[in-house]
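Below is one structure, written out as structure tokens, with a few remarks after it.
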Amino acid sequence: MIANLESIPSLKWQYFGDENGVSTTFPSTLKQDCNVYDPRYRPWYVVASTPLPKNIVVVLDTSSSMKAKHGNETVLDLAKLAAKTVLGTLSPSDKVAFISFAAEVEIPLGKSYASHCFSDHLADAVPSNIAYLNSHIDERGAYGSTFYTDALEKAFMFLKNSENGGTRDKVILFLTDGIPTDSKQMVMNTIQQRNEELNNGVMIITYGLGAAAQKEGREILTSMANQDGTLYGVPPRGQVRKGQYIEIQNPDELRTKMALYYALFFDSRTKHSPKVSVPYLDAWGLGLITTVSLPIVINGQLKGVVGLDLTMIDLLEDVLYLQKGELSYAFIIDDRGRAVLHPLLPSPLDVFEDPILINITDIERGADFEQVYTSMTKGSAGTKDLTAVRTFSKGEWSLEGRVTKTFSATYYWKPIEVIGYSLCLVLTKDFKQIDLASLVSSGDDFLYHRLDLIERNSDLCRYYNTSSLRSGRSTVKFAAEAFTDPSRYLDTEETAGRVRHYTKFMNDRIGFVPNPGFKSDIRNNVIATRQAEKYWPSFHRLDSGIQHWIPWRYIGTYNGVFRRIPGGMNHKLYSPSMRPWFKKAVGNPAKLTFSTPYLDAFGAGYVITLSQTIYEGRSSGVHAETDRIAAVMGADFTLDYAYHLLARHGICNSDSTDETLEKSDIRCFVMDNSGFIVIHADFRKPDSSCDNNSSHFSHKNVENVHITGKEDLFPVAESLIRTGRLKRQACLNFQVAKYQHYWQVDAAQVARGVDEAVGACHRYQLLPVDNSNVFVGILHSRKDCSESTPIPPASDPTCLSCPRASTAAARHCTSTRPQACECPCVSPANFGRCQNHYIRPEEDWPACSPELPKYSGDHVGVLFDGAEQCYEFECSSVRSEFACSSAGCVWICDECVERVHCPALPSHCLKAAGVLSSRKARLGVISGVCTLILLICIIGISSFLWKRKRKEVRQHNQNQTPRVTMELREVTSPIQETSLSGIDNDSYNSHSESVRSRTSLWSSSRDPVPVPPASLPVYRGSPPPPYRWAARSERLSPTIVHVDADAFRKK
């Protein structure tokens, strides 16, 4: 065993189990279930010793006599344990059913289509089905008499209904503690007649205890096992497979004797070969593993079984980390056509529960794929041109749906010898390996992300909750797919020596340093991504102040190169192409892609990611959405900063003094093309409590907030759904057998914007942001209006019951109607668990992409004792809420406090919360009353002065400046820049540059602090026309007019 491990480091466990139940394991480990563990009950042992698949029906007596006590347990308890042990010996290649009987027969009826097949068909012995049957066994109770005949009728029915013409062992395991209440002759007639229908291919093994172990019981159970009813006037007919009667004198032996049923099927004449198990979940956290086992046979007798475990990543890493462009992929199936590996299934390393084994035809649905499938299951090789479909996630898999791409492909397939699998490679027909031209390193600019393994220097500092460099240099992280041997990278601990080797190789200018294990194109990608820093301005230094609003910038490539600035450590399993920001950009190619707010893993608080795809180079420099994606670049903005940039302009400014807004409740928001809210006024106010786990002030209702669950935006959601602008879609999640329902904006219907009244009191506008995945919305609600009738049509209450921050994967739909106003959710799929096959609905919804991996264990960063802060935010010196919107500070109760250290709240916040003593509270009330009186006097004087000043300002504006309207004015050009607040068309043409600088969403001449230089696009496209408010007794008028402040007052 030691020699095996030295020659094959990827081996995880090696073990030997003998026929006496003794187990030897290497490397040694302490088993938690050592007192009950028996290798002879494990599937790897059974499959190796009896390789032919089995159809098994377990028949268990649950009559009243089974209530008898044996020690602290009943005989029924011991019998149920024995039945479950039998189920535990089965492999997914076997099929099984369970029957309990007394005066009546009980079978698992199932409560849905997914499980009703258990009542009349054998089920594949996959983990999910075994778990279902185990739960059914646990629920059985003892009552009534003992009728054999009906139970045997059901057992043969299961076997007959599951006949498929294959070569399989068929066996009935019959356990009872009593003689039959019904006629013994009838029992034997039933066995004879029903077995003849199955060509006498069924073996019966009977187990008798209690009264069944006495003479009368022994006779009938022996006759049943031999299928010879001569004693009861039913002589045998034809040749049958004789079974065995096993007498149980001590109920404690029941589990052992019943679980060794398979010994009757051992054939010493069989030429044994290694058996590879179906992938299953490793109990020690290694993800999906498979067992290779081989029986030890000496002089025709089975002495034991030897086995070893390999992770699926070790076994299939070349396929798992295939890098042949964006669309090309590979998959693997077993000899029964079940998918072992496929891009639409979770990575073997990211599986945390036993997988649902499904047929590859449920995934590869092309009409012409049947020929490929038939050839692969027969172990043949071949090639065929087909139309393939590739599914990609649009971000968070369970919330934002997927995007599909159809392409012409060539399927190449070939069997994998020994293990019984078949591999298929799917390549685009026009596939060409495009490599970057050989690039030359600048010599000393490479820095690996493992800051804990490089020489410490004065440049090292603490940046939020992680370590970084004061110089602001970028660091590079390699994912497993960047290496020629991904498993070795994952299994081997990185050392300072290995990091030095990486560094020397990447900085080598003359090709002298040997490659430490990278794929051929990795070095060029590292050098190419270094060029991105030319576009990351020089003030990326940590003492420049830009980190106030953009804490991180990064670029990731498909082949596993990840560069981040400022530099820092990442989790070893981190792969850029598997992260939501990468997936979201790929799902919105050639667009600036906004994420929804999420909590930064490094302590910068809530951020919004802006990302965009980078294509492989063309000499013309012009690209199309169909070009191959090489990388994705991204940057993180603080949530507060994003909101303030929106709120500081036009009607979205909550501090605006425009009299046209006095009678309206204005709500501005940004929504992505899946209906999730990106920016909203509610997001900027943090909770008054600290999150002890992340040491920051938390925000309420920020992550994964959908417009269908945002109560104040319900009129907008209702209108978008009713008009078909927001459409409900679904995809099939294979691993949970559920349909994932999500929303998608119909881009064509909102391309020119939306301006619509909802009921008598609401009107909204929705404008697409050019070349992006988001829309800016403005909802106007009249404060002096009350609905006399509900918003038409009657609103669905599920819109207002959406849990704000929970994921769709855990939320069950209350309705699957296309126009049901409901948050993203799941509904059951028509999955036949007995055959592990999906029954597709009429809609034939496509597949969902798999869930993205979640990291645990090693911290993503490292903090060095004594390291100083890279930058002191000096939040206490900040006096404005906008200037406090950086990642390091948070605005609480009109004060700017530091976010990272989670300090005590200001005293007046505590006072409002009733934290201070009652004495201080009473003093606070007295002080507050005095202050209120003083404020009334000040307000009275200020009101008089303000009205006079407003009159002067209005006169000045009418004479000298263009009017800024309440709404976007209708324009005739189909493509024209407009700002959020809207500009008078005549004034726009003559003042376009000044207007753009004053009203652009992402810049402002009033900003007292630096603004990121890479400004985002303003809105393009012909906006919807403005509207006016009608008189109070009228509904909103559809008349299109230009309204300024004076006209509004006159109306």
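Chain lettering (A, B, ...) mirrors the order of the structure tokens, residue numbering begins at 1 for each chain separately, and ligand numbering begins at 1 in order of display.
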Find the spatial neighbours of Leu254 in chain A, counting only C-alpha atoms, within a cut-off of 9 Å - ignore same-chain residues fewer than 2 positions away - and output them as an mmCIF file with N, CA, C and O atoms, in the first residue's frame.
```cif
data_model
loop_
_atom_site.group_PDB
_atom_site.id
_atom_site.type_symbol
_atom_site.label_atom_id
_atom_site.label_comp_id
_atom_site.auth_asym_id
_atom_site.auth_seq_id
_atom_site.Cartn_x
_atom_site.Cartn_y
_atom_site.Cartn_z
ATOM 1 N N LEU A 78 -35.160 -4.834 14.861
ATOM 2 C CA LEU A 78 -33.999 -5.540 14.329
ATOM 3 C C LEU A 78 -34.218 -5.935 12.863
ATOM 4 O O LEU A 78 -33.289 -5.909 12.058
ATOM 5 N N ALA A 79 -35.467 -6.295 12.536
ATOM 6 C CA ALA A 79 -35.779 -6.667 11.158
ATOM 7 C C ALA A 79 -35.665 -5.460 10.223
ATOM 8 O O ALA A 79 -35.167 -5.577 9.096
ATOM 9 N N LEU A 81 -33.712 -2.881 10.691
ATOM 10 C CA LEU A 81 -32.283 -2.605 10.537
ATOM 11 C C LEU A 81 -31.665 -3.552 9.513
ATOM 12 O O LEU A 81 -30.839 -3.141 8.684
ATOM 13 N N ALA A 82 -32.067 -4.800 9.547
ATOM 14 C CA ALA A 82 -31.548 -5.774 8.585
ATOM 15 C C ALA A 82 -31.962 -5.408 7.165
ATOM 16 O O ALA A 82 -31.165 -5.500 6.220
ATOM 17 N N TYR A 207 -36.063 -16.213 5.353
ATOM 18 C CA TYR A 207 -35.462 -16.074 6.672
ATOM 19 C C TYR A 207 -36.559 -16.302 7.706
ATOM 20 O O TYR A 207 -37.589 -15.617 7.681
ATOM 21 N N LEU A 209 -37.585 -16.762 11.860
ATOM 22 C CA LEU A 209 -37.257 -16.624 13.272
ATOM 23 C C LEU A 209 -38.545 -16.766 14.068
ATOM 24 O O LEU A 209 -39.646 -16.654 13.512
ATOM 25 N N ILE A 248 -32.962 -18.198 11.786
ATOM 26 C CA ILE A 248 -32.406 -17.200 12.709
ATOM 27 C C ILE A 248 -32.823 -17.576 14.127
ATOM 28 O O ILE A 248 -33.977 -17.371 14.535
ATOM 29 N N GLN A 249 -31.904 -18.156 14.898
ATOM 30 C CA GLN A 249 -32.202 -18.486 16.288
ATOM 31 C C GLN A 249 -32.027 -17.273 17.199
ATOM 32 O O GLN A 249 -32.763 -17.102 18.164
ATOM 33 N N ASN A 250 -31.046 -16.440 16.898
ATOM 34 C CA ASN A 250 -30.779 -15.240 17.695
ATOM 35 C C ASN A 250 -31.059 -14.016 16.837
ATOM 36 O O ASN A 250 -30.382 -13.786 15.832
ATOM 37 N N PRO A 251 -32.055 -13.210 17.186
ATOM 38 C CA PRO A 251 -32.382 -12.039 16.369
ATOM 39 C C PRO A 251 -31.203 -11.087 16.158
ATOM 40 O O PRO A 251 -31.190 -10.336 15.192
ATOM 41 N N ASP A 252 -30.212 -11.097 17.063
ATOM 42 C CA ASP A 252 -29.045 -10.232 16.879
ATOM 43 C C ASP A 252 -28.254 -10.609 15.628
ATOM 44 O O ASP A 252 -27.479 -9.792 15.110
ATOM 45 N N THR A 256 -26.617 -9.608 10.066
ATOM 46 C CA THR A 256 -25.470 -10.226 9.409
ATOM 47 C C THR A 256 -25.902 -11.252 8.380
ATOM 48 O O THR A 256 -25.430 -11.255 7.233
ATOM 49 N N LYS A 257 -26.812 -12.143 8.753
ATOM 50 C CA LYS A 257 -27.196 -13.236 7.859
ATOM 51 C C LYS A 257 -28.009 -12.735 6.666
ATOM 52 O O LYS A 257 -27.870 -13.261 5.548
ATOM 53 N N MET A 258 -28.828 -11.714 6.893
ATOM 54 C CA MET A 258 -29.643 -11.233 5.789
ATOM 55 C C MET A 258 -28.812 -10.412 4.795
ATOM 56 O O MET A 258 -29.045 -10.461 3.585
ATOM 57 N N ALA A 259 -27.819 -9.665 5.308
ATOM 58 C CA ALA A 259 -27.021 -8.805 4.441
ATOM 59 C C ALA A 259 -26.033 -9.581 3.584
ATOM 60 O O ALA A 259 -25.476 -9.034 2.632
#
```
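Residues of range 393-488 of chain A that DSSP, applied to the backbone, places in helix (DSSP H, G or I): Trp397, Ser398, Leu399, Glu400, Leu451, Asp452, Leu453, Ala480, Glu481, Ala482, Pro486, Ser487 and Arg488 of chain A.
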(request) Figure out the distance between CA of Val702 in chain A and CA of Tyr739 in chain A, please, to one decimal in Å. (result)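 If I compute the distance from CA of Tyr739 in chain A to CA of Val702 in chain A, I get 25.4 Å.
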